[in-house]
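Chemist: Got start24.pdb for you, PDB, C-alpha atoms:
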```pdb
ATOM      1  CA  ASP A   1     104.717 110.494 141.531
ATOM      2  CA  ALA A   2     107.675 111.610 139.428
ATOM      3  CA  LYS A   3     110.854 109.813 140.354
ATOM      4  CA  THR A   4     113.216 111.828 138.145
ATOM      5  CA  THR A   5     113.943 115.508 137.600
ATOM      6  CA  GLN A   6     115.587 116.926 134.509
ATOM      7  CA  PRO A   7     116.334 120.389 133.151
ATOM      8  CA  THR A   8     113.657 121.617 130.797
ATOM      9  CA  SER A   9     116.002 122.355 127.915
ATOM     10  CA  MET A  10     119.650 122.394 126.861
ATOM     11  CA  ASP A  11     121.610 123.604 123.865
ATOM     12  CA  CYS A  12     124.568 121.845 122.286
ATOM     13  CA  ALA A  13     126.788 122.701 119.327
ATOM     14  CA  GLU A  14     126.875 120.185 116.511
ATOM     15  CA  GLY A  15     129.852 117.834 116.846
ATOM     16  CA  ARG A  16     130.296 118.503 120.543
ATOM     17  CA  ALA A  17     129.360 116.183 123.386
ATOM     18  CA  ALA A  18     125.907 116.613 124.890
ATOM     19  CA  ASN A  19     125.700 115.892 128.630
ATOM     20  CA  LEU A  20     122.163 115.499 129.928
ATOM     21  CA  PRO A  21     121.775 115.299 133.708
ATOM     22  CA  CYS A  22     119.059 113.577 135.709
ATOM     23  CA  ASN A  23     118.323 113.405 139.419
ATOM     24  CA  HIS A  24     116.675 110.314 140.878
ATOM     25  CA  SER A  25     117.396 110.723 144.563
ATOM     26  CA  THR A  26     114.659 108.327 145.747
ATOM     27  CA  ILE A  27     115.723 105.422 143.546
ATOM     28  CA  SER A  28     115.758 102.014 145.215
ATOM     29  CA  GLY A  29     118.522  99.451 144.980
ATOM     30  CA  ASN A  30     116.923  97.239 142.343
ATOM     31  CA  GLU A  31     115.492  99.996 140.145
ATOM     32  CA  TYR A  32     117.130 100.598 136.794
ATOM     33  CA  VAL A  33     117.696 103.910 135.063
ATOM     34  CA  TYR A  34     116.628 104.039 131.418
ATOM     35  CA  TRP A  35     116.976 106.781 128.835
ATOM     36  CA  TYR A  36     114.673 107.216 125.880
ATOM     37  CA  ARG A  37     114.244 110.009 123.393
ATOM     38  CA  GLN A  38     111.215 111.268 121.516
ATOM     39  CA  ILE A  39     111.274 113.128 118.222
ATOM     40  CA  HIS A  40     108.292 115.181 117.021
ATOM     41  CA  SER A  41     105.762 113.355 119.257
ATOM     42  CA  GLN A  42     106.630 109.981 117.758
ATOM     43  CA  GLY A  43     106.925 107.013 120.088
ATOM     44  CA  PRO A  44     109.903 107.186 122.466
ATOM     45  CA  GLN A  45     113.001 105.275 121.363
ATOM     46  CA  TYR A  46     115.357 103.364 123.640
ATOM     47  CA  ILE A  47     118.868 104.724 124.093
ATOM     48  CA  ILE A  48     120.538 102.987 127.026
ATOM     49  CA  HIS A  49     119.971 101.701 130.542
ATOM     50  CA  GLY A  50     121.955 100.794 133.632
ATOM     51  CA  LEU A  51     121.753  99.792 137.282
ATOM     52  CA  LYS A  52     124.930 100.985 138.974
ATOM     53  CA  ASN A  53     127.809 100.573 136.554
ATOM     54  CA  ASN A  54     128.577 102.972 133.745
ATOM     55  CA  GLU A  55     127.316 101.745 130.406
ATOM     56  CA  THR A  56     128.215 102.486 126.799
ATOM     57  CA  ASN A  57     126.658 101.468 123.513
ATOM     58  CA  GLU A  58     126.765 102.642 119.921
ATOM     59  CA  MET A  59     124.504 105.599 120.684
ATOM     60  CA  ALA A  60     125.554 106.949 124.053
ATOM     61  CA  SER A  61     127.205 106.528 127.421
ATOM     62  CA  LEU A  62     125.472 106.463 130.787
ATOM     63  CA  ILE A  63     127.290 107.598 133.903
ATOM     64  CA  ILE A  64     125.611 106.734 137.216
ATOM     65  CA  THR A  65     126.959 108.213 140.437
ATOM     66  CA  GLU A  66     128.146 105.846 143.117
ATOM     67  CA  ASP A  67     125.199 106.673 145.388
ATOM     68  CA  ARG A  68     122.884 106.183 142.347
ATOM     69  CA  LYS A  69     121.044 109.424 143.075
ATOM     70  CA  SER A  70     121.863 110.954 139.729
ATOM     71  CA  SER A  71     123.029 110.057 136.265
ATOM     72  CA  THR A  72     124.242 111.689 133.074
ATOM     73  CA  LEU A  73     123.535 110.676 129.511
ATOM     74  CA  ILE A  74     126.370 111.529 127.155
ATOM     75  CA  LEU A  75     125.973 111.800 123.400
ATOM     76  CA  PRO A  76     129.633 111.956 122.348
ATOM     77  CA  HIS A  77     129.265 113.810 119.037
ATOM     78  CA  ALA A  78     125.837 115.430 118.764
ATOM     79  CA  THR A  79     124.305 115.875 115.315
ATOM     80  CA  LEU A  80     121.299 117.889 114.208
ATOM     81  CA  ARG A  81     119.298 114.641 114.133
ATOM     82  CA  ASP A  82     119.845 114.286 117.890
ATOM     83  CA  THR A  83     117.495 117.228 118.500
ATOM     84  CA  ALA A  84     114.726 115.638 120.566
ATOM     85  CA  VAL A  85     113.203 115.390 124.029
ATOM     86  CA  TYR A  86     115.275 113.069 126.208
ATOM     87  CA  TYR A  87     113.562 111.220 129.037
ATOM     88  CA  CYS A  88     115.256 109.848 132.112
ATOM     89  CA  ILE A  89     113.209 106.945 133.452
ATOM     90  CA  VAL A  90     113.230 104.806 136.559
ATOM     91  CA  ARG A  91     112.034 101.253 136.000
ATOM     92  CA  VAL A  92     110.244  99.710 138.947
ATOM     93  CA  ARG A  93     109.732  95.975 139.117
ATOM     94  CA  GLY A  94     106.766  94.524 140.951
ATOM     95  CA  LEU A  95     105.165  91.167 141.472
ATOM     96  CA  GLY A  96     104.399  88.874 138.574
ATOM     97  CA  ASN A  97     106.702  90.256 135.886
ATOM     98  CA  PHE A  98     105.333  93.742 136.394
ATOM     99  CA  ASN A  99     107.545  96.546 135.096
ATOM    100  CA  LYS A 100     106.554 100.194 135.339
ATOM    101  CA  PHE A 101     108.419 103.028 133.692
ATOM    102  CA  TYR A 102     108.335 106.337 135.579
ATOM    103  CA  PHE A 103     109.051 109.046 133.030
ATOM    104  CA  GLY A 104     110.416 112.436 134.011
ATOM    105  CA  SER A 105     109.292 115.597 132.279
ATOM    106  CA  GLY A 106     112.144 115.371 129.790
ATOM    107  CA  THR A 107     114.912 117.635 128.519
ATOM    108  CA  LYS A 108     114.542 119.258 125.132
ATOM    109  CA  LEU A 109     117.988 119.064 123.547
ATOM    110  CA  ASN A 110     118.575 121.619 120.806
ATOM    111  CA  VAL A 111     121.595 120.785 118.665
ATOM    112  CA  LYS A 112     122.699 123.874 116.761
ATOM    113  CA  PRO A 113     124.949 124.144 113.692
TER     114      PRO A 113
ATOM    115  CA  GLU B 114     110.393  91.798 112.447
ATOM    116  CA  THR B 115     107.290  94.001 112.642
ATOM    117  CA  GLY B 116     107.379  96.859 115.113
ATOM    118  CA  VAL B 117     104.609  98.103 117.390
ATOM    119  CA  THR B 118     101.665  99.524 115.496
ATOM    120  CA  GLN B 119      98.701 101.536 116.757
ATOM    121  CA  SER B 120      95.382 102.530 115.271
ATOM    122  CA  PRO B 121      93.880 104.909 114.568
ATOM    123  CA  THR B 122      96.532 107.605 114.146
ATOM    124  CA  HIS B 123      94.193 110.422 115.073
ATOM    125  CA  LEU B 124      90.746 110.500 116.612
ATOM    126  CA  ILE B 125      88.258 113.218 117.531
ATOM    127  CA  LYS B 126      85.511 112.546 120.052
ATOM    128  CA  THR B 127      83.112 114.597 122.142
ATOM    129  CA  ARG B 128      82.687 114.642 125.895
ATOM    130  CA  GLY B 129      80.812 111.651 127.272
ATOM    131  CA  GLN B 130      81.600 109.378 124.344
ATOM    132  CA  GLN B 131      83.554 106.145 124.513
ATOM    133  CA  VAL B 132      86.698 105.302 122.552
ATOM    134  CA  THR B 133      88.720 102.171 121.776
ATOM    135  CA  LEU B 134      92.366 102.371 120.787
ATOM    136  CA  ARG B 135      94.282  99.414 119.386
ATOM    137  CA  CYS B 136      97.837  98.197 119.592
ATOM    138  CA  SER B 137      99.682  95.355 117.899
ATOM    139  CA  SER B 138     102.735  94.166 119.787
ATOM    140  CA  GLN B 139     106.120  93.533 118.299
ATOM    141  CA  SER B 140     106.480  89.923 117.238
ATOM    142  CA  GLY B 141     107.237  87.612 120.172
ATOM    143  CA  HIS B 142     106.444  90.159 122.880
ATOM    144  CA  ASN B 143     104.067  89.035 125.631
ATOM    145  CA  THR B 144     103.587  92.268 127.576
ATOM    146  CA  VAL B 145     101.870  95.519 126.649
ATOM    147  CA  SER B 146     101.901  98.786 128.576
ATOM    148  CA  TRP B 147      99.749 101.824 127.875
ATOM    149  CA  TYR B 148     100.734 105.438 128.548
ATOM    150  CA  GLN B 149      98.997 108.796 128.343
ATOM    151  CA  GLN B 150     101.090 111.752 127.231
ATOM    152  CA  ALA B 151      99.535 115.189 127.623
ATOM    153  CA  LEU B 152     100.973 118.002 125.540
ATOM    154  CA  GLY B 153     104.398 119.062 126.791
ATOM    155  CA  GLN B 154     104.611 116.354 129.451
ATOM    156  CA  GLY B 155     106.242 112.977 129.808
ATOM    157  CA  PRO B 156     104.211 109.798 129.325
ATOM    158  CA  GLN B 157     102.211 108.649 132.347
ATOM    159  CA  PHE B 158     101.699 104.933 132.968
ATOM    160  CA  ILE B 159      98.091 103.754 132.673
ATOM    161  CA  PHE B 160      98.357  99.953 133.016
ATOM    162  CA  GLN B 161     100.208  96.869 131.861
ATOM    163  CA  TYR B 162      98.988  93.537 130.529
ATOM    164  CA  TYR B 163     100.946  90.315 130.713
ATOM    165  CA  ARG B 164      99.577  87.158 129.112
ATOM    166  CA  GLU B 165      96.063  88.584 128.850
ATOM    167  CA  GLU B 166      95.797  89.793 132.452
ATOM    168  CA  GLU B 167      96.267  93.247 133.930
ATOM    169  CA  ASN B 168      99.278  93.028 136.228
ATOM    170  CA  GLY B 169      99.755  96.652 137.192
ATOM    171  CA  ARG B 170      97.962  99.976 137.058
ATOM    172  CA  GLY B 171      98.809 103.649 137.440
ATOM    173  CA  ASN B 172      96.687 106.449 138.926
ATOM    174  CA  PHE B 173      93.899 106.345 136.370
ATOM    175  CA  PRO B 174      90.168 105.916 137.097
ATOM    176  CA  PRO B 175      88.249 102.721 136.269
ATOM    177  CA  ARG B 176      86.782 104.296 133.139
ATOM    178  CA  PHE B 177      90.190 103.499 131.626
ATOM    179  CA  SER B 178      90.149  99.793 130.905
ATOM    180  CA  GLY B 179      91.963  97.393 128.643
ATOM    181  CA  LEU B 180      92.233  93.981 127.106
ATOM    182  CA  GLN B 181      95.015  91.804 125.822
ATOM    183  CA  PHE B 182      94.270  89.079 123.318
ATOM    184  CA  PRO B 183      95.887  85.638 122.852
ATOM    185  CA  ASN B 184      98.066  87.055 120.045
ATOM    186  CA  TYR B 185      99.230  89.697 122.590
ATOM    187  CA  SER B 186      97.601  92.593 120.769
ATOM    188  CA  SER B 187      95.781  94.996 123.059
ATOM    189  CA  GLU B 188      92.992  97.535 123.366
ATOM    190  CA  LEU B 189      92.603 100.596 125.545
ATOM    191  CA  ASN B 190      89.024 101.630 126.242
ATOM    192  CA  VAL B 191      88.051 104.958 127.739
ATOM    193  CA  ASN B 192      84.448 105.596 128.788
ATOM    194  CA  ALA B 193      82.723 108.878 129.539
ATOM    195  CA  LEU B 194      85.405 110.948 127.846
ATOM    196  CA  GLU B 195      86.468 114.206 129.463
ATOM    197  CA  LEU B 196      88.256 117.173 127.933
ATOM    198  CA  ASP B 197      91.408 116.323 129.940
ATOM    199  CA  ASP B 198      91.580 112.953 128.201
ATOM    200  CA  SER B 199      92.908 114.742 125.134
ATOM    201  CA  ALA B 200      96.431 113.382 124.743
ATOM    202  CA  LEU B 201      98.768 111.131 122.812
ATOM    203  CA  TYR B 202      98.174 107.533 123.853
ATOM    204  CA  LEU B 203     101.198 105.297 123.535
ATOM    205  CA  CYS B 204     101.450 101.574 123.787
ATOM    206  CA  ALA B 205     104.694  99.749 124.372
ATOM    207  CA  SER B 206     105.431  96.062 124.069
ATOM    208  CA  SER B 207     108.162  94.104 125.753
ATOM    209  CA  LEU B 208     109.324  90.590 126.385
ATOM    210  CA  GLU B 209     109.328  90.161 130.114
ATOM    211  CA  GLN B 210     112.414  88.464 131.422
ATOM    212  CA  GLY B 211     114.154  89.569 128.268
ATOM    213  CA  ARG B 212     117.714  90.686 128.515
ATOM    214  CA  ARG B 213     117.028  94.396 128.539
ATOM    215  CA  ASN B 214     113.319  94.547 129.492
ATOM    216  CA  GLU B 215     113.284  97.282 126.895
ATOM    217  CA  GLN B 216     109.878  98.658 126.010
ATOM    218  CA  PHE B 217     109.276  99.250 122.310
ATOM    219  CA  PHE B 218     106.859 102.096 121.722
ATOM    220  CA  GLY B 219     104.358 102.520 118.951
ATOM    221  CA  PRO B 220     103.798 105.840 117.161
ATOM    222  CA  GLY B 221     100.778 106.668 119.315
ATOM    223  CA  THR B 222      97.162 107.661 118.803
ATOM    224  CA  ARG B 223      96.358 111.359 119.110
ATOM    225  CA  LEU B 224      92.965 111.696 120.831
ATOM    226  CA  THR B 225      91.167 115.021 120.858
ATOM    227  CA  VAL B 226      88.076 115.411 123.033
ATOM    228  CA  LEU B 227      85.820 118.368 122.203
TER     229      LEU B 227
END
```
Could you render the structure as C-alpha coordinates?

Modeler:
Amino acid sequence: DAKTTQPTSMDCAEGRAANLPCNHSTISGNEYVYWYRQIHSQGPQYIIHGLKNNETNEMASLIITEDRKSSTLILPHATLRDTAVYYCIVRVRGLGNFNKFYFGSGTKLNVKP
Amino acid sequence: ETGVTQSPTHLIKTRGQQVTLRCSSQSGHNTVSWYQQALGQGPQFIFQYYREEENGRGNFPPRFSGLQFPNYSSELNVNALELDDSALYLCASSLEQGRRNEQFFGPGTRLTVL
(Lines of atoms letter the chains of each structure in order from A and count residues from 1; the text may use other names and numbers.)
(Lines give C-alpha, C1' and ligand atoms only; values in the text may rest on other atoms or scores of the structure.)
Protein backbone atom coordinates (compact mmCIF):
# COMPACT_ATOMS: atom_id res chain seq x y z
CA ASP A 1 0.00 0.00 0.00
CA ALA A 2 2.80 2.38 -0.95
CA LYS A 3 1.61 5.94 -1.30
CA THR A 4 4.85 7.41 -2.65
CA THR A 5 7.23 6.58 -5.48
CA GLN A 6 10.83 7.72 -5.65
CA PRO A 7 13.81 7.06 -7.91
CA THR A 8 16.02 4.31 -6.60
CA SER A 9 19.22 6.35 -6.62
CA MET A 10 20.69 9.72 -7.56
CA ASP A 11 24.16 11.23 -7.74
CA CYS A 12 25.10 14.76 -6.75
CA ALA A 13 28.39 16.64 -6.78
CA GLU A 14 29.59 17.99 -3.46
CA GLY A 15 28.60 21.63 -3.00
CA ARG A 16 25.82 21.47 -5.57
CA ALA A 17 22.10 21.37 -4.86
CA ALA A 18 20.50 17.95 -4.60
CA ASN A 19 16.90 17.77 -5.86
CA LEU A 20 15.06 14.63 -4.82
CA PRO A 21 11.66 14.07 -6.44
CA CYS A 22 8.69 12.17 -5.06
CA ASN A 23 5.31 11.28 -6.52
CA HIS A 24 2.29 10.96 -4.25
CA SER A 25 -0.56 11.16 -6.71
CA THR A 26 -3.17 9.59 -4.40
CA ILE A 27 -2.55 11.93 -1.48
CA SER A 28 -5.64 13.25 0.27
CA GLY A 29 -6.28 16.83 1.26
CA ASN A 30 -5.35 16.51 4.93
CA GLU A 31 -2.32 14.23 4.50
CA TYR A 32 1.10 15.73 5.09
CA VAL A 33 4.29 15.00 3.21
CA TYR A 34 7.32 14.26 5.38
CA TRP A 35 10.93 13.63 4.46
CA TYR A 36 13.33 11.59 6.53
CA ARG A 37 16.77 10.24 5.82
CA GLN A 38 18.54 7.11 7.01
CA ILE A 39 22.29 6.65 7.23
CA HIS A 40 23.87 3.18 7.44
CA SER A 41 20.68 1.48 8.70
CA GLN A 42 20.44 3.78 11.71
CA GLY A 43 17.03 5.10 12.68
CA PRO A 44 15.52 7.55 10.17
CA GLN A 45 16.00 11.23 10.97
CA TYR A 46 13.47 13.99 10.35
CA ILE A 47 14.28 16.57 7.69
CA ILE A 48 11.17 18.58 6.87
CA HIS A 49 7.43 18.33 6.30
CA GLY A 50 4.64 20.26 4.64
CA LEU A 51 0.98 20.21 3.64
CA LYS A 52 0.60 22.47 0.61
CA ASN A 53 2.91 25.43 1.02
CA ASN A 54 6.61 25.35 0.30
CA GLU A 55 8.69 24.98 3.44
CA THR A 56 12.28 25.76 4.35
CA ASN A 57 14.37 25.03 7.41
CA GLU A 58 18.04 24.91 8.29
CA MET A 59 18.49 21.57 6.53
CA ALA A 60 16.42 21.71 3.37
CA SER A 61 13.58 23.12 1.33
CA LEU A 62 10.39 21.31 0.36
CA ILE A 63 8.55 22.25 -2.81
CA ILE A 64 5.03 20.83 -3.17
CA THR A 65 3.20 21.19 -6.47
CA GLU A 66 -0.08 23.04 -6.48
CA ASP A 67 -2.07 19.85 -7.11
CA ARG A 68 -0.06 18.19 -4.28
CA LYS A 69 0.63 15.12 -6.40
CA SER A 70 4.38 15.49 -6.20
CA SER A 71 7.09 17.18 -4.21
CA THR A 72 10.81 17.85 -4.32
CA LEU A 73 13.26 17.91 -1.46
CA ILE A 74 16.13 20.30 -2.03
CA LEU A 75 19.43 20.12 -0.18
CA PRO A 76 20.96 23.45 -1.21
CA HIS A 77 24.66 22.61 -0.80
CA ALA A 78 25.16 18.85 -0.55
CA THR A 79 28.11 17.54 1.46
CA LEU A 80 29.59 14.06 1.67
CA ARG A 81 27.76 13.61 4.98
CA ASP A 82 24.44 13.96 3.13
CA THR A 83 25.01 10.56 1.50
CA ALA A 84 22.03 8.55 2.76
CA VAL A 85 18.71 7.01 1.79
CA TYR A 86 16.02 9.68 1.64
CA TYR A 87 12.42 8.68 2.30
CA CYS A 88 9.37 10.55 1.12
CA ILE A 89 6.48 9.79 3.47
CA VAL A 90 2.77 10.46 3.52
CA ARG A 91 1.32 10.90 7.00
CA VAL A 92 -2.23 9.69 7.39
CA ARG A 93 -4.29 10.76 10.37
CA GLY A 94 -7.02 8.54 11.72
CA LEU A 95 -9.36 8.44 14.66
CA GLY A 96 -8.12 8.92 18.19
CA ASN A 97 -4.78 10.64 17.58
CA PHE A 98 -3.72 7.92 15.20
CA ASN A 99 -0.89 8.86 12.84
CA LYS A 100 0.54 6.42 10.31
CA PHE A 101 3.63 7.06 8.24
CA TYR A 102 3.62 5.47 4.78
CA PHE A 103 7.24 5.19 3.72
CA GLY A 104 8.27 4.94 0.08
CA SER A 105 11.14 2.74 -1.02
CA GLY A 106 13.60 5.61 -0.70
CA THR A 107 16.22 7.28 -2.88
CA LYS A 108 19.86 6.53 -2.26
CA LEU A 109 21.65 9.85 -2.67
CA ASN A 110 25.35 9.54 -3.47
CA VAL A 111 27.23 12.78 -2.93
CA LYS A 112 30.55 12.65 -4.76
CA PRO A 113 33.66 14.81 -4.30
CA GLU B 1 16.65 15.16 26.85
CA THR B 2 17.09 11.41 26.29
CA GLY B 3 16.38 10.12 22.81
CA VAL B 4 14.62 6.91 21.79
CA THR B 5 16.50 3.80 22.82
CA GLN B 6 15.95 0.18 21.81
CA SER B 7 17.21 -3.13 23.11
CA PRO B 8 18.75 -5.42 22.24
CA THR B 9 20.84 -4.10 19.34
CA HIS B 10 21.07 -7.47 17.64
CA LEU B 11 19.26 -10.74 18.16
CA ILE B 12 19.43 -14.20 16.59
CA LYS B 13 16.52 -16.60 16.91
CA THR B 14 15.37 -19.79 15.22
CA ARG B 15 12.11 -20.48 13.45
CA GLY B 16 9.17 -21.05 15.78
CA GLN B 17 10.69 -19.16 18.70
CA GLN B 18 9.26 -16.06 20.32
CA VAL B 19 11.00 -12.71 20.72
CA THR B 20 10.44 -9.52 22.71
CA LEU B 21 11.94 -6.22 21.62
CA ARG B 22 11.98 -3.15 23.85
CA CYS B 23 11.75 0.57 23.27
CA SER B 24 12.09 3.55 25.58
CA SER B 25 10.35 6.67 24.33
CA GLN B 26 11.83 10.11 24.23
CA SER B 27 11.02 12.02 27.39
CA GLY B 28 7.49 13.44 27.38
CA HIS B 29 6.29 11.45 24.36
CA ASN B 30 3.02 9.55 24.77
CA THR B 31 2.86 7.63 21.49
CA VAL B 32 4.99 4.79 20.15
CA SER B 33 4.95 3.31 16.66
CA TRP B 34 6.71 0.15 15.53
CA TYR B 35 8.06 -0.51 12.04
CA GLN B 36 9.61 -3.46 10.25
CA GLN B 37 12.34 -2.71 7.73
CA ALA B 38 13.45 -5.57 5.51
CA LEU B 39 16.84 -5.28 3.84
CA GLY B 40 16.80 -2.71 1.05
CA GLN B 41 13.22 -1.60 1.69
CA GLY B 42 11.51 1.25 3.45
CA PRO B 43 10.06 0.77 6.93
CA GLN B 44 6.60 -0.80 7.06
CA PHE B 45 4.16 0.24 9.80
CA ILE B 46 3.29 -2.52 12.27
CA PHE B 47 1.17 -0.73 14.91
CA GLN B 48 0.93 2.32 17.12
CA TYR B 49 0.25 2.70 20.83
CA TYR B 50 -1.19 5.80 22.44
CA ARG B 51 -1.57 6.00 26.21
CA GLU B 52 -1.18 2.24 26.63
CA GLU B 53 -3.72 1.22 23.98
CA GLU B 54 -3.22 0.10 20.40
CA ASN B 55 -4.84 2.74 18.22
CA GLY B 56 -3.82 1.59 14.76
CA ARG B 57 -2.35 -1.41 12.99
CA GLY B 58 -0.74 -2.19 9.65
CA ASN B 59 -0.97 -5.40 7.59
CA PHE B 60 0.75 -7.68 10.06
CA PRO B 61 -0.65 -10.94 11.50
CA PRO B 62 -1.80 -11.29 15.12
CA ARG B 63 1.44 -13.03 16.08
CA PHE B 64 2.86 -9.50 16.12
CA SER B 65 1.66 -7.94 19.34
CA GLY B 66 2.70 -5.12 21.61
CA LEU B 67 2.38 -3.34 24.90
CA GLN B 68 2.84 0.19 26.12
CA PHE B 69 3.54 0.84 29.77
CA PRO B 70 2.49 3.77 32.00
CA ASN B 71 5.93 5.37 31.49
CA TYR B 72 5.22 5.13 27.71
CA SER B 73 7.95 2.59 27.06
CA SER B 74 6.89 -0.23 24.77
CA GLU B 75 7.45 -3.84 23.77
CA LEU B 76 7.02 -5.63 20.48
CA ASN B 77 6.39 -9.36 20.74
CA VAL B 78 6.59 -11.74 17.82
CA ASN B 79 5.45 -15.35 18.22
CA ALA B 80 6.16 -18.34 16.00
CA LEU B 81 9.03 -16.64 14.22
CA GLU B 82 9.40 -17.15 10.48
CA LEU B 83 12.44 -16.65 8.28
CA ASP B 84 10.78 -13.59 6.67
CA ASP B 85 10.65 -11.90 10.07
CA SER B 86 14.36 -11.20 9.73
CA ALA B 87 14.56 -7.42 9.58
CA LEU B 88 15.47 -4.21 11.36
CA TYR B 89 12.72 -3.34 13.82
CA LEU B 90 12.36 0.36 14.50
CA CYS B 91 10.35 2.11 17.13
CA ALA B 92 9.45 5.77 16.95
CA SER B 93 8.01 7.99 19.64
CA SER B 94 6.02 11.15 19.21
CA LEU B 95 3.93 13.61 21.12
CA GLU B 96 0.52 13.51 19.55
CA GLN B 97 -0.96 16.91 18.97
CA GLY B 98 2.55 18.27 19.04
CA ARG B 99 3.43 21.01 16.65
CA ARG B 100 5.12 18.85 14.07
CA ASN B 101 3.81 15.35 14.93
CA GLU B 102 7.38 14.38 14.17
CA GLN B 103 8.30 10.79 14.91
CA PHE B 104 11.67 10.29 16.57
CA PHE B 105 13.20 6.96 15.64
CA GLY B 106 15.41 4.73 17.71
CA PRO B 107 18.49 2.98 16.30
CA GLY B 108 16.59 -0.27 15.76
CA THR B 109 16.97 -3.92 16.69
CA ARG B 110 18.39 -6.21 14.02
CA LEU B 111 16.57 -9.55 14.22
CA THR B 112 17.90 -12.57 12.37
CA VAL B 113 15.76 -15.70 12.19
CA LEU B 114 17.58 -18.91 11.23

Chemist: What separation in Å, quoted to one decimal, exists between atom CA of Phe101 of chain A and atom CA of Lys126 of chain B?

Modeler: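 Atom CA of Phe101 of chain A sits 28.3 Å away from atom CA of Lys126 of chain B.
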
Chemist: Would you mind listing, for every residue of chain A within 10 Å of chain B, the two atoms forming the shortest contact and the distance between them in Å to one decimal, using all atoms listed in the file, sorted by chain and ascending residue number, as a tab-separated table?

Modeler:
```
residue	atom	partner	partner_atom	distance
A:Asp1	CA	B:Asn172	CA	9.4
A:Ala2	CA	B:Gln157	CA	9.4
A:Tyr34	CA	B:Glu215	CA	8.8
A:Tyr36	CA	B:Gln216	CA	9.8
A:Gln38	CA	B:Gly155	CA	9.8
A:Ser41	CA	B:Pro220	CA	8.0
A:Gln42	CA	B:Pro220	CA	5.1
A:Gly43	CA	B:Pro220	CA	4.4
A:Pro44	CA	B:Phe218	CA	6.0
A:Gln45	CA	B:Phe218	CA	6.9
A:Tyr46	CA	B:Glu215	CA	7.2
A:Ile47	CA	B:Glu215	CA	9.7
A:Ile48	CA	B:Glu215	CA	9.2
A:His49	CA	B:Arg213	CA	8.1
A:Gly50	CA	B:Arg213	CA	9.5
A:Val85	CA	B:Gly155	CA	9.4
A:Tyr86	CA	B:Gly155	CA	9.7
A:Tyr87	CA	B:Gly155	CA	7.6
A:Cys88	CA	B:Gly155	CA	9.8
A:Ile89	CA	B:Gly155	CA	9.9
A:Arg91	CA	B:Asn214	CA	9.4
A:Gly94	CA	B:Gly169	CA	8.2
A:Leu95	CA	B:Asn168	CA	8.1
A:Gly96	CA	B:Asn168	CA	7.0
A:Asn97	CA	B:Glu209	CA	6.3
A:Phe98	CA	B:Asn168	CA	6.1
A:Asn99	CA	B:Gln161	CA	8.0
A:Lys100	CA	B:Phe158	CA	7.2
A:Phe101	CA	B:Phe158	CA	7.0
A:Tyr102	CA	B:Phe158	CA	7.3
A:Phe103	CA	B:Gly155	CA	5.8
A:Gly104	CA	B:Gly155	CA	5.9
A:Ser105	CA	B:Gly155	CA	4.7
A:Gly106	CA	B:Gly155	CA	6.4
A:Thr107	CA	B:Gly155	CA	9.9
```

Chemist: On this structure, which residues satisfy the PyMOL selection byres ((chain A and resi 68) around 9), written as a PyMOL selection string?

Modeler: chain A and resi 24-25+27-29+51-52+64-67+69-71

Chemist: Go ahead and write the residues just picked, C-alpha atoms, as a PDB file, in the frame of the given file.

Modeler:
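Final output, out.pdb:
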```pdb
ATOM      1  CA  HIS A  24     116.675 110.314 140.878  1.00  0.00           C
ATOM      2  CA  SER A  25     117.396 110.723 144.563  1.00  0.00           C
ATOM      3  CA  ILE A  27     115.723 105.422 143.546  1.00  0.00           C
ATOM      4  CA  SER A  28     115.758 102.014 145.215  1.00  0.00           C
ATOM      5  CA  GLY A  29     118.522  99.451 144.980  1.00  0.00           C
ATOM      6  CA  LEU A  51     121.753  99.792 137.282  1.00  0.00           C
ATOM      7  CA  LYS A  52     124.930 100.985 138.974  1.00  0.00           C
ATOM      8  CA  ILE A  64     125.611 106.734 137.216  1.00  0.00           C
ATOM      9  CA  THR A  65     126.959 108.213 140.437  1.00  0.00           C
ATOM     10  CA  GLU A  66     128.146 105.846 143.117  1.00  0.00           C
ATOM     11  CA  ASP A  67     125.199 106.673 145.388  1.00  0.00           C
ATOM     12  CA  LYS A  69     121.044 109.424 143.075  1.00  0.00           C
ATOM     13  CA  SER A  70     121.863 110.954 139.729  1.00  0.00           C
ATOM     14  CA  SER A  71     123.029 110.057 136.265  1.00  0.00           C
TER      15      SER A  71
END
```

Chemist: As a check of understanding, name the residues that the PyMOL selection byres ((chain B and resi 195) around 9) selects in the supplied structure, as a PyMOL selection string.

Modeler: chain B and resi 127-130+192-194+196-199+226-227

Chemist: Go ahead and compute the interatomic distance for atom CA of Pro175 of chain B and atom CA of Ser187 of chain B, in Å to one decimal.

Modeler: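 Between atom CA of Pro175 of chain B and atom CA of Ser187 of chain B the gap is 17.1 Å.
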
Chemist: For the provided coordinates, the residues matched by the PyMOL selection byres ((chain B and resi 182) around 10) should be stated as number ranges by chain.

Modeler: B: 137, 162, 164-166, 180-181, 183-188

Chemist: My list of candidates is A:Ala60, A:Met10, A:Val111, A:Ala17. Which is closest to Arg81 of chain A when distances are computed with all atoms listed in the file?

Modeler: A:Val111

Chemist: Please write out, as AutoDock Vina command-line options, where the centre of an axis-aligned box around all listed atoms of segment 124-129 of chain B lies and how long its edges are, in Å to one decimal, after adding 3 Å on each side.

Modeler:
```
--center_x 85.8 --center_y 112.6 --center_z 121.9 --size_x 15.9 --size_y 10.1 --size_z 16.7
```

Chemist: Please return as a list in words every residue within 7 Å of (88.0, 104.9, 127.0), taking into account only C-alpha atoms and the file's own coordinates.

Modeler: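 Result, sorted by chain then residue number: Gln131, Val132, Thr133, Arg176, Phe177, Ser178, Leu189, Asn190, Val191, Asn192 and Leu194 of chain B.
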
Chemist: Given the point (115.0, 111.0, 119.0) in the file's coordinates, find the residues that have an atom at most 6 Å from it, counting only C-alpha atoms, and give them as a list in words.

Modeler: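 Collected hits near the coordinates: Arg37, Gln38, Ile39, Asp82 and Ala84 of chain A.
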
Chemist: To one decimal in Å, tell me the separation between atom CA of Ile63 of chain A and atom CA of Glu14 of chain A.

Modeler: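 Taking atom CA of Ile63 of chain A as the start and atom CA of Glu14 of chain A as the end point, the length is 21.5 Å.
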
Chemist: Point out the residue among B:Leu224, B:Gly179, B:Ala200, B:Pro174 with the least atom-to-atom distance to Pro121 of chain B, counting only C-alpha atoms.

Modeler: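 Using only C-alpha atoms, the shortest distance to Pro121 of chain B belongs to B:Leu224.
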